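*Asks:* Take this structure first; my questions come after.
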Amino acid sequence: MTEAGPVLQVEDLSVDYRTGAGLVAAIRGVSLAIASGEAVGLVGESGSGKTTLGMAIMRYLPANGQITGGCIRYQDTDLVPLTQRELSRIRGNHIAMVYQDPSGALNPSLRAGEQIAEVYRAHLGLNRDEARGRAEGMLELVGLPEPHRAYDRYPHQFSGGQKQRIVISMALAMDPNLLILDEPTTGLDVTVESDIMQLFADLRAKTSAAILFISHDIGLVASVCERVGVLYRGELVETGDTEGVFTHPTNPYTRGLLACRVPPGVSKDSRRLEPLPSGDTDAPVGACLFEPRCAFRKPRCREQHPALYPAGSSQHSRCFFHEEVARAGPPTVTASDGRAAVTGDGAATGDGAAAGDGALLEVRGLRKVFRAQGRDLVAVADAAFTLGPGRILGIVGESGSGKTTLARMIAGLEVPDDGEVILSGVDVTKPANKRSVASRRSLQMVFQHPDGTLNPSHRIRQILRRQMRKLDAGDVARHDETLAELLRAVQLAPEHLDARPRELSGGQQQRVAIARAFCTGPQLVILDEPTSSLDVSVQAAILNLLIDLQRREQASYLLISHDLAVVRYLADEILVMHDGEIVEYGPAADVFESPQDPYTRTLLSAVTARVGQAPLAAPATQPETADEPRMPDPA
Amino acid sequence: MRHVRALRHSPGVAMALLVLLVWVVIAVFWPQLVPYGPTEQELTSRYEPPSAQHWLGTDNLGRDIFSRILAGSRSVLIVSVASTTLGVAIGTAIGLCAAFYRGKVDELLMRSLDLLMAFPIIVIASVVLAMLGPSRLNLVVVIAVMLAPYNARVVRSAVLSWRDRDFVAAARMRGESGAFILFRELLPNIVGTLNVEYTLRLALSIFAVATLSFLGFGIQPPTPDWGLMVSEGRPFYQIAPWVVVAPAAAIASLIVAINVVAQKLRS
């Protein structure tokens with residue numbers, strides 16, 4: 001490794017995908033450089049091309065993807081013209097990648113340790129015992145307890161977080177000079193995520209690998225990387241020092257991304273979210289790609305495509321009006337003004353929780369046991385709570401905590417083994433189809449996955465009309481009117497009625513699902529991770545919509561989420577679940593401000609660590625590099 | 001229009017579709033197309049090789065083989081299409097129910113199908129037909145019952161990938177009946193699978209019809225039928241190979257064409 005040049009230099013890289021609709025540009029002229037020991041982040045929403053970029057660097061593009069221009073220089077070798085054979089040597093020894101899904105990266109039929117030892121045997125020609133020794137050393141390095149025993153276990157015997165540690169140890173096995181991390185903690189629980197992020201921080205002190213950290217999560221990127229690039233539709237729109245980019249954005253997109261996040265510790269009563277306008281329309285050819293969604297747009301943006309201009313001390317921004325954006329200042333999202341809001345609404349929450357007499361939903365001693373492989377697994381143990389009309393109850397817990405099972409029992413999708421569910425004074429402890437039409441009408445649900453929530457073979461009109469007809473929602477003659485009004489409320493156009501679900505974006509699909517839940521005038525809506533598969537910019541709009549509908553319809557929500565900021569923002573009361581038990585239940589402000597249960601405290605501290613946003617300890621030597629993106633000619 | 005253009009790029013499929021079209025036209029219009037009556041015997045000209053008068057020669061009773069092939073297409077197509085339609089319908093219903101209800105229903109249905117599948121199709125079919133007596137209707141029912149288990153298995157696994165989607169949960173919360181969820185929510189999503197299934201089963205069914213006729217359990221003489229023609233010609237194969245080759249080629253052309261189309265549908 002030489003101090004002279006960057007480890008990785010990507011220059012003017014373009015990647016296209018061949019699809020049924022012709023060539024689609026996934027990466028458009030991206031340039032970036034990473035020096036040894038440096039961590040560079042790449043943020044972007046789904047479809048921004050961030051994963052494609054990682055795959056292109058590894059030369060792992062799918063068969064319909066092709067590099068159409070530019071070069072990828074690793075040290076002094078251009079990777080683009082290399083054969084797969086030459087590449088495989090570089091990949092194993094010099095460049096390693098950690099993917100999002102750890103289960104996919106491990107061979108389920110091989111012992112965990114052998115998969116690491118295999119790397120040593122193949123690349124260094126070590127014998128069995130030597131390789132085992134090295135592999136156990138790696139397992140210890142990534143913090144797996146009892147590496148000697150862990151070596152002999154199979155992947156399915158580890159938890160998701162442990163599996164990701166094993167994948168990381170495989171990636172680090174040959175002490176690579178370049179490590180690409182593609183959403184390494186997405187899909188893991190918050191507490192596990194914070195452990196893995198801590199592991200990265202520790203590892204950075206031990207290796208001098210250059211790191212490319214790809215994520216949709218600004219907070220995570222900020223906690224790891226010194227420099228960051230923001231991708232929008234395959235184009236870098238802003239680059240610079242992490243702190244500069246995230247505290248003084250000079251590009252409207254970066255600014256919008258920062259502004260639309262749910263601020264930690266803030267409640268809906270104190271501030272409304274600022275969503276980015278939807279990205280469902282394309283910019284005209286030759287225009288700025290972000291123009292249709294931009295808050296700063298001017299006529300010039302439609303006529304000319306901006307280059308990356310230097311902006312601020314360390315930043316570059318792809319915007320003609322970056323000075324104006326910089327002057328507008330950072331979006332007002334800080335933890336400090338959130339604190340004020342917390343104390344403000346704490347008092348208001350108290351009386352709502354106490355109003356138990358006119359309870360809309362009452363859950364008593366609800367219990368569900370699943371039998372798996374001859375063992376009883378208590379999914380929910382004696383859950384009890386009440387929810388008043390017009391209130392929002394947040395249910396928080398990690399995967400496997402029983403929060404979804406609890407919601408499904410209330411919804412009538414799962415029959416409890418014991419206990420009662422009482423909705424508006426009526427016992428509804430039975431499957432949904434045995435409940436009265438009135439009960440079904442007043443209890444609705446919005447599901448997690450937008451692509452699974454609507455039947456792909458039905459048109460939107462069919463889906464919504466069936467819901468109204470089946471549940472006798474008002475006068476049949478007025479259904480079309482109700483439909484039109486509903487569509488306006490969820491901000492969809494009338495022509496969407498004739499679309500099929502796959503023609504809609506994830507955000508639009510979720511809007512239809514919300515319309516379906518609300519078309520019968522429900523009193524209680526269960527929201528099961530309603531925004532967790534959506535991009536942040538879409539999330540803000542959906543959350544605003546949910547708040548507006550809740551206020552207008554005076555409905556109650558049962559909100560299930562793993563995202564504590566979202567729960568804090570929406571919920572009046574909070575219920576924390578752990579291993580099937582309710583460990584904490586009370587007004588939102590109280591739970592967040594002074595958690596009583598040790599588990600709640602762990603959960604909250606994992607999140608606080610994340611929003612701290614202080615870059616983690618950088619390695620001792622921070623080489624100076626000429627890594628600024630080259631100035632493309634504005635003409 | 002797009003489909004027509006797509007065909008130009010796959011001449012094999014275009015060819016297969018043409019073959020199928022020709023057989024369908026023949027099956028409908030054979031009375032107008034045949035040069036001789038298919039059961040017309042001319043004992044003075046037995047075992048004549050293919051010639052200008054008899055394009056495919058004549059058989060042991062001096063009947064024109066070309067005419068008999070054309071006439072035989074109708075019964076093959078009717079019986080195989082009817083039995084496949086019935087079989088796929090039964091199989092789809094079973095597969096849908098097994099996948100949707102899971103648990104004991106699934107176990108009971110699938111194990112009984114396993115039992116049925118443990119016996120070779122032809123053995124069971126010939127035993128049943130021997131008991132019921134050979135008739136077109138019996139043939140259709142027997143073949144349908146033999147095809148259904150294979151179809152049920154495929155449908156079941158296709159439905160399994162859909163039944164846990166949230167739109168099914170939404171339908172249940174709406175209070176929809178099981179039948180509505182099965183036929184209105186789930187069935188439309190497996191239409192692609194069903195198309196492939198149908199064509200594959202159709203090829204199998206044609207084979208079964210021909211085989212059962214060959215064994216004498218199907219269409220009865222003197223009605224012209226391809227399987228029967230192979231069977232009747234078999235003793236004279238040494239002296240008049242065309243008696244066997246022509247109907248065998250007809251069967252093969254139909255099965256190959258259908259398989260080519262099925263292959264295309266699958267991709």
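FYI, nothing fancy with the structure tokens labels: chains A, B, ... in order, residues from 1 per chain, ligands from 1 as they appear.
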Range 427-634 of chain A: which residues are strand (DSSP E or B) by DSSP, as a ChimeraX atom specification?

*Replies:* /A:427,443-446,524-528,556-561,573-578,581-587

*Asks:* Save the residues we just selected, N, CA and C atoms, as a compact mmCIF listing (two decimals), in the first residue's frame?

*Replies:*
# COMPACT_ATOMS: atom_id res chain seq x y z
N ASP A 427 -67.24 -7.80 22.70
CA ASP A 427 -66.19 -8.80 22.74
C ASP A 427 -65.90 -9.28 21.30
N LEU A 443 -62.54 -1.49 12.71
CA LEU A 443 -61.14 -1.87 12.96
C LEU A 443 -60.45 -2.19 11.64
N GLN A 444 -59.51 -1.39 11.27
CA GLN A 444 -58.81 -1.58 10.00
C GLN A 444 -57.30 -1.66 10.22
N MET A 445 -56.60 -2.07 9.18
CA MET A 445 -55.16 -2.25 9.35
C MET A 445 -54.40 -1.78 8.12
N VAL A 446 -53.24 -1.17 8.35
CA VAL A 446 -52.32 -0.79 7.27
C VAL A 446 -51.06 -1.64 7.47
N LEU A 524 -60.59 2.50 14.86
CA LEU A 524 -59.26 2.07 15.25
C LEU A 524 -58.52 1.54 14.03
N VAL A 525 -57.32 2.06 13.79
CA VAL A 525 -56.52 1.57 12.68
C VAL A 525 -55.20 1.04 13.24
N ILE A 526 -54.90 -0.20 12.89
CA ILE A 526 -53.62 -0.77 13.30
C ILE A 526 -52.61 -0.47 12.21
N LEU A 527 -51.52 0.18 12.56
CA LEU A 527 -50.48 0.50 11.59
C LEU A 527 -49.28 -0.37 11.90
N ASP A 528 -49.04 -1.37 11.05
CA ASP A 528 -47.92 -2.29 11.30
C ASP A 528 -46.72 -1.84 10.47
N SER A 556 -58.44 6.22 16.40
CA SER A 556 -57.31 5.84 17.25
C SER A 556 -56.35 5.00 16.41
N TYR A 557 -55.09 5.07 16.75
CA TYR A 557 -54.08 4.26 16.05
C TYR A 557 -53.39 3.33 17.03
N LEU A 558 -53.10 2.15 16.52
CA LEU A 558 -52.20 1.24 17.22
C LEU A 558 -50.99 1.15 16.31
N LEU A 559 -49.92 1.82 16.67
CA LEU A 559 -48.77 1.96 15.78
C LEU A 559 -47.65 1.01 16.20
N ILE A 560 -47.32 0.08 15.32
CA ILE A 560 -46.21 -0.82 15.60
C ILE A 560 -45.01 -0.35 14.82
N SER A 561 -43.89 -0.16 15.49
CA SER A 561 -42.72 0.27 14.74
C SER A 561 -41.45 -0.06 15.51
N GLU A 573 -49.24 7.34 23.82
CA GLU A 573 -48.83 6.39 24.84
C GLU A 573 -47.92 5.35 24.19
N ILE A 574 -47.11 4.72 25.01
CA ILE A 574 -46.17 3.75 24.47
C ILE A 574 -46.17 2.48 25.29
N LEU A 575 -46.04 1.38 24.54
CA LEU A 575 -46.02 0.08 25.17
C LEU A 575 -44.75 -0.61 24.64
N VAL A 576 -43.88 -1.02 25.55
CA VAL A 576 -42.63 -1.64 25.13
C VAL A 576 -42.74 -3.14 25.35
N MET A 577 -42.48 -3.91 24.31
CA MET A 577 -42.56 -5.37 24.45
C MET A 577 -41.17 -5.99 24.35
N HIS A 578 -40.97 -7.05 25.13
CA HIS A 578 -39.70 -7.76 25.09
C HIS A 578 -39.99 -9.23 25.39
N GLU A 581 -43.52 -10.13 26.49
CA GLU A 581 -44.12 -9.48 27.64
C GLU A 581 -44.09 -7.97 27.48
N ILE A 582 -45.11 -7.34 28.07
CA ILE A 582 -45.12 -5.88 28.07
C ILE A 582 -44.25 -5.45 29.25
N VAL A 583 -43.12 -4.81 28.94
CA VAL A 583 -42.22 -4.44 30.03
C VAL A 583 -42.42 -3.00 30.47
N GLU A 584 -43.03 -2.21 29.62
CA GLU A 584 -43.26 -0.83 30.01
C GLU A 584 -44.46 -0.29 29.27
N TYR A 585 -45.29 0.49 29.95
CA TYR A 585 -46.51 1.01 29.34
C TYR A 585 -46.82 2.33 30.00
N GLY A 586 -46.91 3.39 29.24
CA GLY A 586 -47.23 4.68 29.85
C GLY A 586 -47.25 5.78 28.82
N PRO A 587 -47.47 7.02 29.27
CA PRO A 587 -47.46 8.15 28.34
C PRO A 587 -46.11 8.24 27.64

*Asks:* For range 90-100 of chain B, work out the shell of residues within 6 Å, counting only C-alpha atoms and skipping chain neighbours fewer than 6 positions away, then give it as a list of chain:residue names.

*Replies:*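 Those residues are B:Asp106, B:Ala148, B:Pro149, B:Asn151, B:Ala152, B:Val155, B:Arg156, B:Leu160.
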
*Asks:* Mind listing as a PyMOL selection string which residues of chain A are within 6 Å of chain B, counting only C-alpha atoms?

*Replies:* chain A and resi 432-433+452-455

*Asks:* Identify, on the basis of only C-alpha atoms, every residue whose closest approach to Ser194 in chain A does not exceed 9 Å; exclude the query and any residue fewer than 2 positions from it along the same chain; express the result as a list in words.

*Replies:* Thr185, Asp189, Val190, Thr191, Val192, Ile196, Met197, Gln198, Leu199, Ala606, Val607, Ala609 and Arg610 of chain A

*Asks:* Include C-alpha atoms and write out the residues we just selected as a tab-separated table (two decimals), in the first residue's frame.

*Replies:*
chain	number	residue	atom	x	y	z
A	185	THR	CA	-27.07	-3.11	9.43
A	189	ASP	CA	-32.63	-4.59	15.41
A	190	VAL	CA	-31.51	-1.25	16.82
A	191	THR	CA	-29.54	-2.72	19.70
A	192	VAL	CA	-27.77	-5.12	17.33
A	196	ILE	CA	-22.23	-3.68	14.80
A	197	MET	CA	-21.53	0.02	14.35
A	198	GLN	CA	-19.38	-0.10	17.47
A	199	LEU	CA	-17.55	-3.05	15.91
A	606	ALA	CA	-28.93	2.29	21.38
A	607	VAL	CA	-30.82	4.98	19.54
A	609	ALA	CA	-25.83	6.56	20.43
A	610	ARG	CA	-26.91	6.71	16.82

*Asks:* Got a sec: who's within 12 Å of range 9-13 of chain B, counting only C-alpha atoms, leaving out chain neighbours fewer than 6 positions off, as a ChimeraX atom specification?

*Replies:* /B:2-3,19-20,256-265

*Asks:* Residues as selected, C-alpha atoms, written as a PDB file, in the first residue's frame, can you do that?

*Replies:*
ATOM      1  CA  ARG B   2     -46.197  -7.174 -30.156  1.00  0.00           C
ATOM      2  CA  HIS B   3     -46.782 -10.920 -29.889  1.00  0.00           C
ATOM      3  CA  VAL B  19     -48.783 -27.205 -36.529  1.00  0.00           C
ATOM      4  CA  LEU B  20     -51.378 -26.888 -33.759  1.00  0.00           C
ATOM      5  CA  VAL B 256     -43.781 -31.890 -29.668  1.00  0.00           C
ATOM      6  CA  ALA B 257     -45.632 -28.774 -30.834  1.00  0.00           C
ATOM      7  CA  ILE B 258     -47.424 -28.444 -27.506  1.00  0.00           C
ATOM      8  CA  ASN B 259     -44.220 -28.912 -25.549  1.00  0.00           C
ATOM      9  CA  VAL B 260     -42.491 -26.205 -27.567  1.00  0.00           C
ATOM     10  CA  VAL B 261     -45.320 -23.803 -26.764  1.00  0.00           C
ATOM     11  CA  ALA B 262     -45.227 -24.800 -23.086  1.00  0.00           C
ATOM     12  CA  GLN B 263     -41.504 -24.166 -22.965  1.00  0.00           C
ATOM     13  CA  LYS B 264     -42.067 -20.702 -24.417  1.00  0.00           C
ATOM     14  CA  LEU B 265     -44.866 -19.914 -21.961  1.00  0.00           C
TER      15      LEU B 265
END

*Asks:* What does the distance between CA of Ala383 in chain A and CA of Lys403 in chain A come to in Å, to one decimal place?

*Replies:*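 CA of Lys403 in chain A lies 10.2 Å from CA of Ala383 in chain A.
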
*Asks:* Find the residues around range 245-252 of chain B up to 12 Å (only C-alpha atoms counted), leave out those fewer than 5 positions away in its own chain, and share them as number ranges by chain.

*Replies:* B: 16, 19-20, 22-23, 49-50, 55-59, 64-73, 76-77, 80, 203-211, 214, 224-234, 236-238, 240, 257-259

*Asks:* Store the residues picked out above, limited to C-alpha atoms, as a short mmCIF file (atom, residue, chain, number, x, y, z; two decimals), in the first residue's frame.

*Replies:*
data_model
loop_
_atom_site.label_atom_id
_atom_site.label_comp_id
_atom_site.auth_asym_id
_atom_site.auth_seq_id
_atom_site.Cartn_x
_atom_site.Cartn_y
_atom_site.Cartn_z
CA ALA B 16 -45.32 -25.19 -33.35
CA VAL B 19 -48.78 -27.21 -36.53
CA LEU B 20 -51.38 -26.89 -33.76
CA VAL B 22 -53.43 -27.03 -38.79
CA TRP B 23 -54.51 -29.94 -36.56
CA PRO B 49 -47.50 -48.14 -50.15
CA PRO B 50 -47.89 -44.33 -50.32
CA TRP B 55 -50.87 -40.41 -50.00
CA LEU B 56 -50.00 -42.42 -46.93
CA GLY B 57 -50.83 -45.84 -48.29
CA THR B 58 -53.54 -48.25 -47.13
CA ASP B 59 -53.91 -50.62 -44.18
CA ASP B 64 -56.91 -44.94 -46.86
CA ILE B 65 -54.49 -44.06 -44.04
CA PHE B 66 -54.37 -40.34 -44.89
CA SER B 67 -58.14 -40.08 -44.49
CA ARG B 68 -58.06 -42.05 -41.24
CA ILE B 69 -55.33 -39.78 -39.82
CA LEU B 70 -57.33 -36.67 -40.62
CA ALA B 71 -60.50 -38.14 -39.15
CA GLY B 72 -58.65 -39.44 -36.08
CA SER B 73 -57.49 -35.96 -35.09
CA VAL B 76 -57.73 -37.17 -29.92
CA LEU B 77 -58.20 -33.44 -29.56
CA SER B 80 -57.38 -34.71 -24.53
CA ALA B 203 -49.25 -33.03 -24.03
CA LEU B 204 -49.34 -35.70 -21.35
CA SER B 205 -53.04 -36.23 -21.92
CA ILE B 206 -52.62 -36.74 -25.69
CA PHE B 207 -50.00 -39.31 -24.91
CA ALA B 208 -52.33 -41.03 -22.45
CA VAL B 209 -55.25 -41.08 -24.92
CA ALA B 210 -53.06 -42.59 -27.62
CA THR B 211 -51.59 -45.14 -25.22
CA PHE B 214 -53.35 -48.58 -28.32
CA PRO B 224 -60.36 -44.03 -36.77
CA ASP B 225 -57.98 -43.22 -33.92
CA TRP B 226 -54.24 -42.74 -33.91
CA GLY B 227 -53.38 -44.97 -30.98
CA LEU B 228 -55.69 -47.64 -32.29
CA MET B 229 -54.15 -47.38 -35.76
CA VAL B 230 -50.68 -48.00 -34.34
CA SER B 231 -52.01 -50.98 -32.46
CA GLU B 232 -53.87 -52.41 -35.47
CA GLY B 233 -50.89 -51.92 -37.75
CA ARG B 234 -48.36 -53.43 -35.37
CA PHE B 236 -48.04 -55.90 -40.22
CA TYR B 237 -45.22 -53.55 -39.35
CA GLN B 238 -42.66 -55.70 -41.21
CA ALA B 240 -46.18 -52.25 -44.35
CA ALA B 257 -45.63 -28.77 -30.83
CA ILE B 258 -47.42 -28.44 -27.51
CA ASN B 259 -44.22 -28.91 -25.55
#

*Asks:* Excluding Gln41 in chain B and its own-chain neighbours fewer than 5 positions away, which residues fall within 9 Å of it when counting only C-alpha atoms? Please give them as a short mmCIF file (atom, residue, chain, number, x, y, z; two decimals) with N, CA and C atoms, in the first residue's frame.

*Replies:*
data_model
loop_
_atom_site.label_atom_id
_atom_site.label_comp_id
_atom_site.auth_asym_id
_atom_site.auth_seq_id
_atom_site.Cartn_x
_atom_site.Cartn_y
_atom_site.Cartn_z
N LEU B 61 -57.10 -53.50 -44.18
CA LEU B 61 -58.43 -53.65 -44.76
C LEU B 61 -58.59 -52.78 -46.00
N GLY B 62 -57.45 -52.22 -46.47
CA GLY B 62 -57.49 -51.41 -47.68
C GLY B 62 -58.06 -50.02 -47.45
N ARG B 63 -58.05 -49.56 -46.17
CA ARG B 63 -58.59 -48.22 -45.89
C ARG B 63 -57.49 -47.19 -46.11
N ASP B 64 -57.87 -46.00 -46.57
CA ASP B 64 -56.91 -44.94 -46.86
C ASP B 64 -56.38 -44.35 -45.55
#

*Asks:* Mind checking which residues fall within 12 Å of Met146 in chain B, counting only C-alpha atoms, ignoring those fewer than 5 positions away in the same chain, and posting them as a PyMOL selection string?

*Replies:* chain B and resi 83-84+86-88+90-91+113-126+128+139-141+151-152+201+204-205+208-209

*Asks:* Write a file of the just-selected residues containing N, CA and C atoms, as an mmCIF file, in the first residue's frame.

*Replies:*
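In the end it all went to part18.cif:
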data_model
loop_
_atom_site.group_PDB
_atom_site.id
_atom_site.type_symbol
_atom_site.label_atom_id
_atom_site.label_comp_id
_atom_site.auth_asym_id
_atom_site.auth_seq_id
_atom_site.Cartn_x
_atom_site.Cartn_y
_atom_site.Cartn_z
ATOM 1 N N SER B 83 -60.221 -33.812 -21.114
ATOM 2 C CA SER B 83 -59.669 -34.405 -19.896
ATOM 3 C C SER B 83 -58.688 -33.451 -19.223
ATOM 4 N N THR B 84 -57.916 -32.704 -20.023
ATOM 5 C CA THR B 84 -56.978 -31.756 -19.416
ATOM 6 C C THR B 84 -57.734 -30.656 -18.694
ATOM 7 N N LEU B 86 -60.711 -30.716 -17.411
ATOM 8 C CA LEU B 86 -61.295 -31.266 -16.189
ATOM 9 C C LEU B 86 -60.208 -31.514 -15.148
ATOM 10 N N GLY B 87 -59.108 -32.125 -15.580
ATOM 11 C CA GLY B 87 -58.026 -32.466 -14.650
ATOM 12 C C GLY B 87 -57.413 -31.232 -14.023
ATOM 13 N N VAL B 88 -57.147 -30.196 -14.839
ATOM 14 C CA VAL B 88 -56.548 -28.977 -14.301
ATOM 15 C C VAL B 88 -57.529 -28.276 -13.366
ATOM 16 N N ILE B 90 -59.853 -29.727 -11.473
ATOM 17 C CA ILE B 90 -59.861 -30.467 -10.195
ATOM 18 C C ILE B 90 -58.557 -30.200 -9.441
ATOM 19 N N GLY B 91 -57.455 -30.306 -10.154
ATOM 20 C CA GLY B 91 -56.151 -30.128 -9.517
ATOM 21 C C GLY B 91 -55.995 -28.737 -8.923
ATOM 22 N N LEU B 113 -53.252 -37.633 -2.623
ATOM 23 C CA LEU B 113 -52.725 -37.469 -3.975
ATOM 24 C C LEU B 113 -51.438 -38.281 -4.136
ATOM 25 N N ASP B 114 -50.604 -38.275 -3.097
ATOM 26 C CA ASP B 114 -49.365 -39.058 -3.151
ATOM 27 C C ASP B 114 -49.693 -40.525 -3.430
ATOM 28 N N LEU B 115 -50.750 -40.998 -2.750
ATOM 29 C CA LEU B 115 -51.171 -42.390 -2.906
ATOM 30 C C LEU B 115 -51.533 -42.656 -4.371
ATOM 31 N N LEU B 116 -52.301 -41.733 -4.931
ATOM 32 C CA LEU B 116 -52.739 -41.866 -6.312
ATOM 33 C C LEU B 116 -51.541 -41.849 -7.262
ATOM 34 N N MET B 117 -50.571 -40.984 -6.920
ATOM 35 C CA MET B 117 -49.424 -40.821 -7.802
ATOM 36 C C MET B 117 -48.432 -41.984 -7.682
ATOM 37 N N ALA B 118 -48.597 -42.777 -6.618
ATOM 38 C CA ALA B 118 -47.659 -43.880 -6.429
ATOM 39 C C ALA B 118 -47.829 -44.940 -7.515
ATOM 40 N N PHE B 119 -49.040 -44.996 -8.130
ATOM 41 C CA PHE B 119 -49.261 -45.978 -9.190
ATOM 42 C C PHE B 119 -49.004 -45.339 -10.550
ATOM 43 N N PRO B 120 -48.439 -46.103 -11.473
ATOM 44 C CA PRO B 120 -48.255 -45.549 -12.817
ATOM 45 C C PRO B 120 -49.622 -45.236 -13.429
ATOM 46 N N ILE B 121 -49.720 -44.067 -14.052
ATOM 47 C CA ILE B 121 -50.969 -43.612 -14.663
ATOM 48 C C ILE B 121 -51.631 -44.705 -15.491
ATOM 49 N N ILE B 122 -50.865 -45.286 -16.399
ATOM 50 C CA ILE B 122 -51.446 -46.185 -17.380
ATOM 51 C C ILE B 122 -52.027 -47.444 -16.726
ATOM 52 N N VAL B 123 -51.343 -47.938 -15.688
ATOM 53 C CA VAL B 123 -51.809 -49.165 -15.030
ATOM 54 C C VAL B 123 -53.188 -48.941 -14.429
ATOM 55 N N ILE B 124 -53.293 -47.866 -13.619
ATOM 56 C CA ILE B 124 -54.584 -47.578 -12.986
ATOM 57 C C ILE B 124 -55.645 -47.321 -14.045
ATOM 58 N N ALA B 125 -55.304 -46.502 -15.016
ATOM 59 C CA ALA B 125 -56.297 -46.128 -16.026
ATOM 60 C C ALA B 125 -56.809 -47.365 -16.749
ATOM 61 N N SER B 126 -55.892 -48.286 -17.081
ATOM 62 C CA SER B 126 -56.371 -49.460 -17.824
ATOM 63 C C SER B 126 -57.242 -50.348 -16.942
ATOM 64 N N VAL B 128 -59.169 -49.342 -14.412
ATOM 65 C CA VAL B 128 -60.459 -48.678 -14.237
ATOM 66 C C VAL B 128 -61.291 -48.773 -15.510
ATOM 67 N N LEU B 139 -63.010 -42.327 -20.615
ATOM 68 C CA LEU B 139 -61.627 -42.011 -20.926
ATOM 69 C C LEU B 139 -61.275 -40.615 -20.401
ATOM 70 N N VAL B 140 -62.168 -39.665 -20.667
ATOM 71 C CA VAL B 140 -61.943 -38.282 -20.215
ATOM 72 C C VAL B 140 -61.809 -38.230 -18.701
ATOM 73 N N VAL B 141 -62.753 -38.879 -18.002
ATOM 74 C CA VAL B 141 -62.752 -38.801 -16.541
ATOM 75 C C VAL B 141 -61.500 -39.460 -15.974
ATOM 76 N N ASN B 151 -51.020 -31.516 -11.195
ATOM 77 C CA ASN B 151 -51.419 -30.125 -11.263
ATOM 78 C C ASN B 151 -51.617 -29.542 -9.863
ATOM 79 N N ALA B 152 -52.246 -30.333 -8.983
ATOM 80 C CA ALA B 152 -52.519 -29.849 -7.629
ATOM 81 C C ALA B 152 -51.220 -29.470 -6.914
ATOM 82 N N ARG B 201 -49.809 -30.476 -19.325
ATOM 83 C CA ARG B 201 -50.739 -31.575 -19.051
ATOM 84 C C ARG B 201 -51.441 -32.021 -20.335
ATOM 85 N N LEU B 204 -49.301 -34.432 -22.070
ATOM 86 C CA LEU B 204 -49.345 -35.703 -21.350
ATOM 87 C C LEU B 204 -50.658 -36.436 -21.654
ATOM 88 N N SER B 205 -51.716 -35.662 -21.713
ATOM 89 C CA SER B 205 -53.036 -36.233 -21.921
ATOM 90 C C SER B 205 -53.155 -36.863 -23.318
ATOM 91 N N ALA B 208 -51.531 -40.037 -23.175
ATOM 92 C CA ALA B 208 -52.334 -41.026 -22.453
ATOM 93 C C ALA B 208 -53.473 -41.556 -23.320
ATOM 94 N N VAL B 209 -54.138 -40.651 -24.048
ATOM 95 C CA VAL B 209 -55.245 -41.077 -24.921
ATOM 96 C C VAL B 209 -54.734 -42.088 -25.956
#

*Asks:* Check the DSSP output for the backbone and give back, as a PyMOL selection string, the residues of range 226-309 of chain A in alpha helix (DSSP H).

*Replies:* chain A and resi 242-247+252-259+299-303

*Asks:* For those residues, write C-alpha atoms to a file as a short mmCIF file (atom, residue, chain, number, x, y, z; two decimals), in the first residue's frame.

*Replies:*
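Contents of out36.cif, freshly written:
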data_model
loop_
_atom_site.label_atom_id
_atom_site.label_comp_id
_atom_site.auth_asym_id
_atom_site.auth_seq_id
_atom_site.Cartn_x
_atom_site.Cartn_y
_atom_site.Cartn_z
CA THR A 242 -19.57 14.67 6.42
CA GLU A 243 -20.04 17.40 8.96
CA GLY A 244 -20.21 20.14 6.37
CA VAL A 245 -22.66 18.28 4.12
CA PHE A 246 -24.99 17.30 6.93
CA THR A 247 -24.90 20.55 8.90
CA PRO A 252 -31.54 21.22 -2.30
CA TYR A 253 -31.80 17.43 -2.29
CA THR A 254 -29.43 16.97 0.64
CA ARG A 255 -31.24 19.71 2.47
CA GLY A 256 -34.60 18.10 1.74
CA LEU A 257 -33.36 14.68 2.89
CA LEU A 258 -32.18 16.17 6.16
CA ALA A 259 -35.37 18.14 6.67
CA PRO A 299 -36.52 28.37 -15.04
CA ARG A 300 -32.83 27.75 -15.73
CA CYS A 301 -33.05 24.35 -14.01
CA ARG A 302 -35.34 23.08 -16.76
CA GLU A 303 -33.03 24.17 -19.55
#
